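Q: My structure file protein_12.pdb, PDB, C-alpha atoms, pLDDT in the B column, is below:
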```pdb
ATOM      1  CA  MET A  24     -13.809 -15.118 -14.733  1.00 58.00           C
ATOM      2  CA  ILE A  25     -14.533 -11.418 -14.195  1.00 62.00           C
ATOM      3  CA  GLN A  26     -15.018 -10.535 -10.536  1.00 79.00           C
ATOM      4  CA  THR A  27     -17.506  -7.995  -9.205  1.00 89.00           C
ATOM      5  CA  THR A  28     -16.182  -4.795  -7.635  1.00 92.00           C
ATOM      6  CA  SER A  29     -16.968  -6.205  -4.205  1.00 92.00           C
ATOM      7  CA  GLU A  30     -15.149  -9.462  -4.906  1.00 93.00           C
ATOM      8  CA  GLU A  31     -12.116  -7.562  -6.185  1.00 94.00           C
ATOM      9  CA  ASN A  32     -12.073  -5.430  -3.042  1.00 93.00           C
ATOM     10  CA  TYR A  33     -12.066  -8.567  -0.903  1.00 94.00           C
ATOM     11  CA  LEU A  34      -9.191 -10.131  -2.843  1.00 95.00           C
ATOM     12  CA  LYS A  35      -7.155  -6.941  -2.571  1.00 94.00           C
ATOM     13  CA  THR A  36      -7.897  -6.598   1.150  1.00 94.00           C
ATOM     14  CA  ILE A  37      -6.897 -10.199   1.832  1.00 94.00           C
ATOM     15  CA  PHE A  38      -3.622  -9.687  -0.042  1.00 93.00           C
ATOM     16  CA  HIS A  39      -2.819  -6.511   1.887  1.00 91.00           C
ATOM     17  CA  HIS A  40      -3.240  -8.497   5.110  1.00 91.00           C
ATOM     18  CA  THR A  41      -1.488 -11.691   4.053  1.00 88.00           C
ATOM     19  CA  GLY A  42       1.319 -10.198   1.945  1.00 81.00           C
ATOM     20  CA  ILE A  43       3.706 -11.990  -0.404  1.00 73.00           C
ATOM     21  CA  GLY A  44       4.204 -14.755   2.164  1.00 69.00           C
ATOM     22  CA  ASN A  45       0.435 -15.406   2.180  1.00 71.00           C
ATOM     23  CA  GLN A  46      -0.005 -15.604   5.951  1.00 82.00           C
ATOM     24  CA  SER A  47      -3.586 -16.244   7.048  1.00 89.00           C
ATOM     25  CA  VAL A  48      -5.955 -13.409   7.977  1.00 91.00           C
ATOM     26  CA  THR A  49      -9.038 -13.626  10.202  1.00 90.00           C
ATOM     27  CA  THR A  50     -12.598 -12.844   9.227  1.00 91.00           C
ATOM     28  CA  ASN A  51     -12.708 -10.118  11.905  1.00 90.00           C
ATOM     29  CA  ASP A  52      -9.619  -8.396  10.473  1.00 91.00           C
ATOM     30  CA  ILE A  53     -11.174  -8.370   6.998  1.00 93.00           C
ATOM     31  CA  ALA A  54     -14.439  -7.005   8.423  1.00 93.00           C
ATOM     32  CA  ALA A  55     -12.592  -4.242  10.292  1.00 92.00           C
ATOM     33  CA  THR A  56     -10.669  -3.173   7.178  1.00 92.00           C
ATOM     34  CA  LEU A  57     -13.756  -3.104   4.963  1.00 91.00           C
ATOM     35  CA  GLY A  58     -16.029  -1.622   7.637  1.00 91.00           C
ATOM     36  CA  THR A  59     -18.603  -4.408   7.361  1.00 91.00           C
ATOM     37  CA  LYS A  60     -20.066  -7.144   9.543  1.00 90.00           C
ATOM     38  CA  ALA A  61     -18.316 -10.476  10.076  1.00 85.00           C
ATOM     39  CA  ALA A  62     -21.425 -12.311   8.841  1.00 87.00           C
ATOM     40  CA  SER A  63     -21.282 -10.455   5.512  1.00 91.00           C
ATOM     41  CA  VAL A  64     -17.592 -11.284   5.217  1.00 92.00           C
ATOM     42  CA  THR A  65     -18.299 -14.966   5.794  1.00 91.00           C
ATOM     43  CA  GLU A  66     -20.829 -15.045   2.946  1.00 92.00           C
ATOM     44  CA  MET A  67     -18.379 -13.413   0.540  1.00 94.00           C
ATOM     45  CA  LEU A  68     -15.561 -15.758   1.606  1.00 94.00           C
ATOM     46  CA  LYS A  69     -17.768 -18.732   0.763  1.00 93.00           C
ATOM     47  CA  LYS A  70     -18.297 -17.305  -2.744  1.00 93.00           C
ATOM     48  CA  LEU A  71     -14.581 -16.722  -3.268  1.00 95.00           C
ATOM     49  CA  ALA A  72     -13.752 -20.193  -1.967  1.00 94.00           C
ATOM     50  CA  ALA A  73     -16.251 -21.706  -4.414  1.00 94.00           C
ATOM     51  CA  GLN A  74     -14.370 -19.919  -7.223  1.00 94.00           C
ATOM     52  CA  LYS A  75     -11.106 -21.387  -5.865  1.00 95.00           C
ATOM     53  CA  LEU A  76      -9.673 -17.911  -5.236  1.00 95.00           C
ATOM     54  CA  ILE A  77      -9.165 -18.393  -1.490  1.00 94.00           C
ATOM     55  CA  ARG A  78      -8.728 -21.159   1.054  1.00 93.00           C
ATOM     56  CA  TYR A  79     -11.262 -20.690   3.803  1.00 90.00           C
ATOM     57  CA  LYS A  80     -12.218 -22.856   6.725  1.00 81.00           C
ATOM     58  CA  LYS A  81     -14.216 -21.488   9.632  1.00 79.00           C
ATOM     59  CA  TYR A  82     -12.007 -20.481  12.609  1.00 76.00           C
ATOM     60  CA  ASN A  83      -8.819 -21.275  10.620  1.00 79.00           C
ATOM     61  CA  GLY A  84      -8.369 -17.954   8.817  1.00 87.00           C
ATOM     62  CA  VAL A  85      -8.140 -17.142   5.115  1.00 93.00           C
ATOM     63  CA  THR A  86      -5.338 -17.396   2.554  1.00 93.00           C
ATOM     64  CA  LEU A  87      -5.291 -16.752  -1.191  1.00 94.00           C
ATOM     65  CA  THR A  88      -4.873 -19.540  -3.718  1.00 95.00           C
ATOM     66  CA  ASP A  89      -2.319 -18.963  -6.485  1.00 93.00           C
ATOM     67  CA  SER A  90      -5.147 -17.826  -8.747  1.00 94.00           C
ATOM     68  CA  GLY A  91      -6.546 -15.494  -6.087  1.00 94.00           C
ATOM     69  CA  LYS A  92      -3.127 -14.006  -5.389  1.00 94.00           C
ATOM     70  CA  GLN A  93      -2.563 -13.406  -9.104  1.00 93.00           C
ATOM     71  CA  GLN A  94      -5.885 -11.619  -9.442  1.00 94.00           C
ATOM     72  CA  ALA A  95      -5.263  -9.524  -6.324  1.00 94.00           C
ATOM     73  CA  LEU A  96      -1.879  -8.417  -7.664  1.00 95.00           C
ATOM     74  CA  LEU A  97      -3.375  -7.405 -11.004  1.00 94.00           C
ATOM     75  CA  ILE A  98      -6.002  -5.286  -9.217  1.00 95.00           C
ATOM     76  CA  ILE A  99      -3.223  -3.658  -7.197  1.00 96.00           C
ATOM     77  CA  ARG A 100      -1.278  -3.131 -10.445  1.00 97.00           C
ATOM     78  CA  LYS A 101      -4.188  -1.159 -11.904  1.00 97.00           C
ATOM     79  CA  HIS A 102      -4.630   0.870  -8.718  1.00 97.00           C
ATOM     80  CA  ARG A 103      -0.975   1.903  -8.525  1.00 97.00           C
ATOM     81  CA  LEU A 104      -0.679   2.657 -12.244  1.00 98.00           C
ATOM     82  CA  TRP A 105      -3.693   4.941 -12.011  1.00 98.00           C
ATOM     83  CA  GLU A 106      -2.204   6.653  -8.946  1.00 98.00           C
ATOM     84  CA  TYR A 107       0.997   7.269 -10.893  1.00 98.00           C
ATOM     85  CA  PHE A 108      -0.984   8.633 -13.843  1.00 98.00           C
ATOM     86  CA  LEU A 109      -3.013  10.960 -11.626  1.00 98.00           C
ATOM     87  CA  VAL A 110       0.099  12.486 -10.044  1.00 97.00           C
ATOM     88  CA  GLU A 111       2.489  12.535 -13.006  1.00 97.00           C
ATOM     89  CA  LYS A 112       0.078  13.454 -15.806  1.00 97.00           C
ATOM     90  CA  LEU A 113      -2.918  15.140 -14.168  1.00 97.00           C
ATOM     91  CA  LYS A 114      -0.926  16.795 -11.351  1.00 96.00           C
ATOM     92  CA  PHE A 115      -3.022  15.567  -8.452  1.00 96.00           C
ATOM     93  CA  SER A 116      -1.195  15.753  -5.103  1.00 96.00           C
ATOM     94  CA  TRP A 117      -0.243  12.442  -3.479  1.00 95.00           C
ATOM     95  CA  ASP A 118      -2.921  12.804  -0.785  1.00 95.00           C
ATOM     96  CA  GLU A 119      -5.765  13.153  -3.337  1.00 95.00           C
ATOM     97  CA  ILE A 120      -5.329  10.046  -5.463  1.00 95.00           C
ATOM     98  CA  HIS A 121      -6.250   6.972  -3.420  1.00 93.00           C
ATOM     99  CA  GLU A 122     -10.041   7.298  -3.608  1.00 92.00           C
ATOM    100  CA  VAL A 123      -9.986   8.104  -7.330  1.00 96.00           C
ATOM    101  CA  ALA A 124      -7.725   5.123  -8.035  1.00 96.00           C
ATOM    102  CA  GLU A 125     -10.097   2.940  -5.980  1.00 93.00           C
ATOM    103  CA  GLN A 126     -12.734   3.629  -8.628  1.00 94.00           C
ATOM    104  CA  LEU A 127     -10.454   3.313 -11.656  1.00 96.00           C
ATOM    105  CA  GLU A 128      -8.905   0.005 -10.553  1.00 95.00           C
ATOM    106  CA  HIS A 129     -12.118  -1.868 -11.391  1.00 93.00           C
ATOM    107  CA  ILE A 130     -11.987  -1.086 -15.128  1.00 93.00           C
ATOM    108  CA  GLN A 131     -11.820  -4.498 -16.793  1.00 90.00           C
ATOM    109  CA  SER A 132      -9.965  -3.673 -20.044  1.00 93.00           C
ATOM    110  CA  ASP A 133      -6.566  -5.412 -20.068  1.00 92.00           C
ATOM    111  CA  ALA A 134      -5.656  -3.518 -23.248  1.00 96.00           C
ATOM    112  CA  LEU A 135      -6.253  -0.183 -21.515  1.00 96.00           C
ATOM    113  CA  VAL A 136      -4.055  -1.154 -18.568  1.00 96.00           C
ATOM    114  CA  GLU A 137      -1.179  -2.245 -20.803  1.00 96.00           C
ATOM    115  CA  ARG A 138      -1.435   0.924 -22.917  1.00 97.00           C
ATOM    116  CA  LEU A 139      -1.480   2.978 -19.720  1.00 97.00           C
ATOM    117  CA  ASP A 140       1.644   1.181 -18.483  1.00 97.00           C
ATOM    118  CA  SER A 141       3.402   1.813 -21.804  1.00 97.00           C
ATOM    119  CA  PHE A 142       2.273   5.459 -21.899  1.00 98.00           C
ATOM    120  CA  LEU A 143       3.731   5.966 -18.418  1.00 98.00           C
ATOM    121  CA  GLU A 144       6.975   4.244 -19.515  1.00 97.00           C
ATOM    122  CA  ASN A 145       6.546   1.253 -17.194  1.00 96.00           C
ATOM    123  CA  PRO A 146       6.906   2.844 -13.746  1.00 96.00           C
ATOM    124  CA  LYS A 147       8.156   0.555 -10.975  1.00 96.00           C
ATOM    125  CA  PHE A 148       6.707   2.436  -7.996  1.00 96.00           C
ATOM    126  CA  ASP A 149       3.577   4.461  -7.292  1.00 96.00           C
ATOM    127  CA  PRO A 150       3.668   8.014  -5.803  1.00 96.00           C
ATOM    128  CA  HIS A 151       3.722   6.616  -2.246  1.00 96.00           C
ATOM    129  CA  GLY A 152       6.652   4.293  -2.971  1.00 95.00           C
ATOM    130  CA  ASP A 153       4.652   1.066  -3.234  1.00 94.00           C
ATOM    131  CA  PRO A 154       5.995  -1.283  -5.943  1.00 95.00           C
ATOM    132  CA  ILE A 155       3.782  -1.728  -9.005  1.00 96.00           C
ATOM    133  CA  PRO A 156       3.292  -5.403  -9.989  1.00 95.00           C
ATOM    134  CA  ASP A 157       4.101  -6.182 -13.627  1.00 94.00           C
ATOM    135  CA  LYS A 158       1.569  -7.689 -16.039  1.00 92.00           C
ATOM    136  CA  LYS A 159       2.439 -11.185 -14.782  1.00 91.00           C
ATOM    137  CA  GLY A 160       1.705 -10.152 -11.192  1.00 90.00           C
ATOM    138  CA  ILE A 161       5.371 -10.165 -10.181  1.00 91.00           C
ATOM    139  CA  ILE A 162       6.101  -7.553  -7.523  1.00 89.00           C
ATOM    140  CA  ILE A 163       9.424  -6.168  -6.318  1.00 85.00           C
ATOM    141  CA  ASN A 164      10.222  -6.886  -2.676  1.00 82.00           C
ATOM    142  CA  THR A 165      11.864  -3.658  -1.516  1.00 80.00           C
ATOM    143  CA  ASP A 166      14.473  -3.601   1.235  1.00 83.00           C
ATOM    144  CA  SER A 167      13.358  -1.040   3.798  1.00 91.00           C
ATOM    145  CA  GLN A 168      12.621  -0.527   7.475  1.00 95.00           C
ATOM    146  CA  LYS A 169      10.301   1.648   9.527  1.00 96.00           C
ATOM    147  CA  LEU A 170      11.685   5.069  10.393  1.00 97.00           C
ATOM    148  CA  ILE A 171      10.794   4.426  14.059  1.00 97.00           C
ATOM    149  CA  ASP A 172      13.398   1.625  14.130  1.00 96.00           C
ATOM    150  CA  LEU A 173      16.261   3.848  12.954  1.00 96.00           C
ATOM    151  CA  SER A 174      18.929   4.556  15.589  1.00 95.00           C
ATOM    152  CA  GLU A 175      20.120   7.998  16.635  1.00 95.00           C
ATOM    153  CA  LYS A 176      22.655   9.635  14.281  1.00 95.00           C
ATOM    154  CA  LYS A 177      21.664   7.261  11.456  1.00 96.00           C
ATOM    155  CA  GLU A 178      20.721   8.584   8.010  1.00 97.00           C
ATOM    156  CA  ALA A 179      18.316   7.036   5.535  1.00 97.00           C
ATOM    157  CA  ILE A 180      16.242   7.822   2.444  1.00 97.00           C
ATOM    158  CA  VAL A 181      12.436   7.804   2.497  1.00 97.00           C
ATOM    159  CA  ASN A 182      11.231   5.168   0.013  1.00 96.00           C
ATOM    160  CA  LEU A 183       7.649   4.373   1.095  1.00 96.00           C
ATOM    161  CA  VAL A 184       4.892   6.213   2.940  1.00 96.00           C
ATOM    162  CA  SER A 185       1.493   4.924   4.079  1.00 94.00           C
ATOM    163  CA  ASP A 186      -1.209   6.334   1.775  1.00 91.00           C
ATOM    164  CA  GLN A 187      -3.307   7.950   4.515  1.00 93.00           C
ATOM    165  CA  PRO A 188      -4.406  11.383   3.218  1.00 93.00           C
ATOM    166  CA  GLU A 189      -4.012  13.240   6.530  1.00 95.00           C
ATOM    167  CA  LEU A 190      -0.524  11.795   7.014  1.00 96.00           C
ATOM    168  CA  LEU A 191       0.463  12.714   3.443  1.00 96.00           C
ATOM    169  CA  ARG A 192      -0.804  16.273   3.839  1.00 96.00           C
ATOM    170  CA  HIS A 193       1.164  16.655   7.073  1.00 97.00           C
ATOM    171  CA  LEU A 194       4.355  15.280   5.527  1.00 97.00           C
ATOM    172  CA  SER A 195       4.007  17.702   2.626  1.00 96.00           C
ATOM    173  CA  LYS A 196       3.598  20.540   5.124  1.00 96.00           C
ATOM    174  CA  ILE A 197       6.806  19.673   7.020  1.00 96.00           C
ATOM    175  CA  GLY A 198       8.801  18.920   3.866  1.00 96.00           C
ATOM    176  CA  ILE A 199       9.092  15.125   3.858  1.00 97.00           C
ATOM    177  CA  SER A 200       8.555  13.282   0.575  1.00 96.00           C
ATOM    178  CA  LEU A 201       9.864  10.230  -1.265  1.00 96.00           C
ATOM    179  CA  GLY A 202      13.616  10.582  -1.662  1.00 96.00           C
ATOM    180  CA  SER A 203      14.030  12.860   1.368  1.00 97.00           C
ATOM    181  CA  LYS A 204      17.215  12.192   3.338  1.00 98.00           C
ATOM    182  CA  LEU A 205      16.420  11.961   7.042  1.00 97.00           C
ATOM    183  CA  LYS A 206      18.929  12.002   9.880  1.00 97.00           C
ATOM    184  CA  VAL A 207      17.790  11.008  13.372  1.00 97.00           C
ATOM    185  CA  LEU A 208      19.169  13.727  15.632  1.00 97.00           C
ATOM    186  CA  GLU A 209      17.406  12.498  18.764  1.00 97.00           C
ATOM    187  CA  LYS A 210      14.933   9.858  19.910  1.00 96.00           C
ATOM    188  CA  ILE A 211      12.800  11.090  22.810  1.00 95.00           C
ATOM    189  CA  PRO A 212      12.145   8.211  25.257  1.00 93.00           C
ATOM    190  CA  PHE A 213       9.135   9.881  26.888  1.00 93.00           C
ATOM    191  CA  ASP A 214       6.830   9.497  23.876  1.00 94.00           C
ATOM    192  CA  ASN A 215       9.086   7.757  21.301  1.00 93.00           C
ATOM    193  CA  SER A 216       8.967  10.825  19.064  1.00 96.00           C
ATOM    194  CA  MET A 217      11.971  11.675  16.902  1.00 97.00           C
ATOM    195  CA  LEU A 218      13.861  14.858  16.084  1.00 97.00           C
ATOM    196  CA  LEU A 219      14.868  14.701  12.421  1.00 97.00           C
ATOM    197  CA  GLN A 220      16.975  16.714  10.049  1.00 97.00           C
ATOM    198  CA  ILE A 221      15.586  16.801   6.493  1.00 97.00           C
ATOM    199  CA  ASN A 222      18.025  16.893   3.571  1.00 97.00           C
ATOM    200  CA  GLY A 223      20.753  18.322   5.801  1.00 95.00           C
ATOM    201  CA  LYS A 224      18.749  21.498   6.440  1.00 94.00           C
ATOM    202  CA  SER A 225      15.481  21.919   8.332  1.00 94.00           C
ATOM    203  CA  LYS A 226      14.733  20.158  11.614  1.00 96.00           C
ATOM    204  CA  VAL A 227      11.370  18.735  12.614  1.00 97.00           C
ATOM    205  CA  GLN A 228       9.977  16.566  15.400  1.00 97.00           C
ATOM    206  CA  VAL A 229       7.638  13.733  14.402  1.00 97.00           C
ATOM    207  CA  SER A 230       5.476  11.486  16.552  1.00 97.00           C
ATOM    208  CA  ALA A 231       5.976   7.749  16.918  1.00 97.00           C
ATOM    209  CA  ASP A 232       2.784   7.158  14.907  1.00 97.00           C
ATOM    210  CA  ILE A 233       4.149   9.157  11.982  1.00 97.00           C
ATOM    211  CA  ALA A 234       7.547   7.407  12.192  1.00 97.00           C
ATOM    212  CA  LYS A 235       5.821   4.017  12.072  1.00 97.00           C
ATOM    213  CA  ASN A 236       4.136   4.940   8.769  1.00 97.00           C
ATOM    214  CA  ILE A 237       7.320   5.981   6.966  1.00 97.00           C
ATOM    215  CA  ARG A 238       9.725   3.403   5.560  1.00 97.00           C
ATOM    216  CA  VAL A 239      13.329   4.188   4.745  1.00 97.00           C
ATOM    217  CA  GLN A 240      16.355   2.681   3.030  1.00 95.00           C
ATOM    218  CA  ILE A 241      19.786   3.037   4.591  1.00 90.00           C
TER     219      ILE A 241
END
```
Have the structure of the file written as structure tokens, please.

A:
Amino acid sequence: MIQTTSEENYLKTIFHHTGIGNQSVTTNDIAATLGTKAASVTEMLKKLAAQKLIRYKKYNGVTLTDSGKQQALLIIRKHRLWEYFLVEKLKFSWDEIHEVAEQLEHIQSDALVERLDSFLENPKFDPHGDPIPDKKGIIINTDSQKLIDLSEKKEAIVNLVSDQPELLRHLSKIGISLGSKLKVLEKIPFDNSMLLQINGKSKVQVSADIAKNIRVQI
């Protein structure tokens, strides 16, 4: 059954909260993410439950059924493929693509998505480092940790960055991108900021908030 744009957005939002392990998410958390009222969320959850896409019981939180999880992953697949296309083929910068991909992800043609995937030579990750689910909805579980958790003198490679436009613009400005090698020169206890060396050359200090939104692989 083809979902409406709104229904697809709910499925995707629930997945982003519950993750691969499908932990439950509250109505209030969904409302906060989507910027809508809890009462509106409740009505939509009832619709999705009737379609057997979610498990929902008042006050007990929400989880995706297998069918709901599959559909959510295929929506995410489209979103991340379009992001890759926008950066690699149309030369958008990584901070410009999220909103455009939000619109393109609702195109319903499976044939278009598979031709897009083939045209792009089956990329595994989007421009922010998020894994792209395959056509069966299987997604790679990457081994990484938050930069903020890295110890002093440790080195690691940036492999995922939160897709917040202001964050991405700032990282571009200071020279941090996917694949950058970061060395923690100092962790400042006062505000939990970090002094980093980038690719063995330039040094930069980043806030704790920035370090929490960068994931790295040792």

Q: Run the PyMOL selection byres ((chain A and resi 97) around 9) against the file shown and list the residues it catches, as a PyMOL selection string.

A: chain A and resi 92-96+98-102+156-160

Q: Given the file shown, determine the residues that the PyMOL selection byres ((chain A and resi 147-152) around 6) selects; report them as a ChimeraX atom specification.

A: /A:103,107,146,153-155,182-184

Q: Determine the residue set returned by the PyMOL selection byres ((chain A and resi 117-121) around 12) for the present structure, and present it as a PyMOL selection string.

A: chain A and resi 99+101-111+113-116+122-128+149-152+184-196+200-201

Q: May I have the selected residues written with C-alpha atoms, as a CSV table (one decimal), in the frame of the given file?

A:
```
chain,number,residue,atom,x,y,z
A,99,ILE,CA,-3.2,-3.7,-7.2
A,101,LYS,CA,-4.2,-1.2,-11.9
A,102,HIS,CA,-4.6,0.9,-8.7
A,103,ARG,CA,-1.0,1.9,-8.5
A,104,LEU,CA,-0.7,2.7,-12.2
A,105,TRP,CA,-3.7,4.9,-12.0
A,106,GLU,CA,-2.2,6.7,-8.9
A,107,TYR,CA,1.0,7.3,-10.9
A,108,PHE,CA,-1.0,8.6,-13.8
A,109,LEU,CA,-3.0,11.0,-11.6
A,110,VAL,CA,0.1,12.5,-10.0
A,111,GLU,CA,2.5,12.5,-13.0
A,113,LEU,CA,-2.9,15.1,-14.2
A,114,LYS,CA,-0.9,16.8,-11.4
A,115,PHE,CA,-3.0,15.6,-8.5
A,116,SER,CA,-1.2,15.8,-5.1
A,122,GLU,CA,-10.0,7.3,-3.6
A,123,VAL,CA,-10.0,8.1,-7.3
A,124,ALA,CA,-7.7,5.1,-8.0
A,125,GLU,CA,-10.1,2.9,-6.0
A,126,GLN,CA,-12.7,3.6,-8.6
A,127,LEU,CA,-10.5,3.3,-11.7
A,128,GLU,CA,-8.9,0.0,-10.6
A,149,ASP,CA,3.6,4.5,-7.3
A,150,PRO,CA,3.7,8.0,-5.8
A,151,HIS,CA,3.7,6.6,-2.2
A,152,GLY,CA,6.7,4.3,-3.0
A,184,VAL,CA,4.9,6.2,2.9
A,185,SER,CA,1.5,4.9,4.1
A,186,ASP,CA,-1.2,6.3,1.8
A,187,GLN,CA,-3.3,8.0,4.5
A,188,PRO,CA,-4.4,11.4,3.2
A,189,GLU,CA,-4.0,13.2,6.5
A,190,LEU,CA,-0.5,11.8,7.0
A,191,LEU,CA,0.5,12.7,3.4
A,192,ARG,CA,-0.8,16.3,3.8
A,193,HIS,CA,1.2,16.7,7.1
A,194,LEU,CA,4.4,15.3,5.5
A,195,SER,CA,4.0,17.7,2.6
A,196,LYS,CA,3.6,20.5,5.1
A,200,SER,CA,8.6,13.3,0.6
A,201,LEU,CA,9.9,10.2,-1.3
```

Q: Do you have the atom CA of Arg78 of chain A-atom CA of Leu57 of chain A distance handy?

A: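 That distance, rounded to one decimal, is 19.1 Å.
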
Q: Considering all atoms listed in the file, can you say which of A:Leu170, A:Ile162, A:Val136, A:Leu143 comes closest to Gly42 of chain A?

A: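 Between A:Leu170, A:Ile162, A:Val136, A:Leu143, the residue approaching Gly42 of chain A most closely is A:Ile162.
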
Q: If we count only C-alpha atoms and set the cut-off at 10 Å, which residues sit around Ile241 of chain A, ignoring sequence neighbours fewer than 5 positions away in its own chain? Please answer as a list in words.

A: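 Near neighbours after the sequence-gap exclusion: Asp166, Ser167, Gln168, Leu173, Lys177, Glu178, Ala179, Ile180, Val181, Asn182, Lys204 and Leu205 of chain A.
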
Q: Go through A:Gln131, A:Thr50, A:Thr165, A:Thr88 and flag the residue nearest Thr27 of chain A, using all atoms listed in the file for the distances.

A: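 That would be A:Gln131, the residue with the smallest distance to Thr27 of chain A.
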
Q: What separation in Å, quoted to one decimal, exists between atom CA of Ile43 of chain A and atom CA of Ile163 of chain A?

A: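 Computing it gives 10.1 Å between the two atoms.
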
Q: Just how far from atom CA of Gly84 of chain A is atom CA of Asp172 of chain A, in Å to one decimal?

A: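 Between atom CA of Asp172 of chain A and atom CA of Gly84 of chain A the gap is 29.8 Å.
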
Q: Tell me which protein, DNA and RNA residues are within 12 Å of segment 210-214 of chain A, counting only C-alpha atoms, leaving out same-chain ones fewer than 6 positions away, and put them as a ChimeraX atom specification.

A: /A:170-177,228-232,234

Q: Dump as JSON, numbers by chain all residues having an atom at most 10 Å from (-11.5, -20.6, 10.9), computed in the file's coordinates with all atoms listed in the file.

A: {"A": [47, 48, 49, 50, 79, 80, 81, 82, 83, 84, 85]}

Q: Which residue is closest to Lys70 of chain A? Choose from A:Ile161, A:Val207, A:Leu34, A:Leu219 and count only C-alpha atoms.

A: A:Leu34

Q: Tell me which of A:Ser141, A:Thr86, A:Lys206, A:Lys235 sits closest to Gln46 of chain A, counting only C-alpha atoms.

A: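 Closest candidate: A:Thr86.
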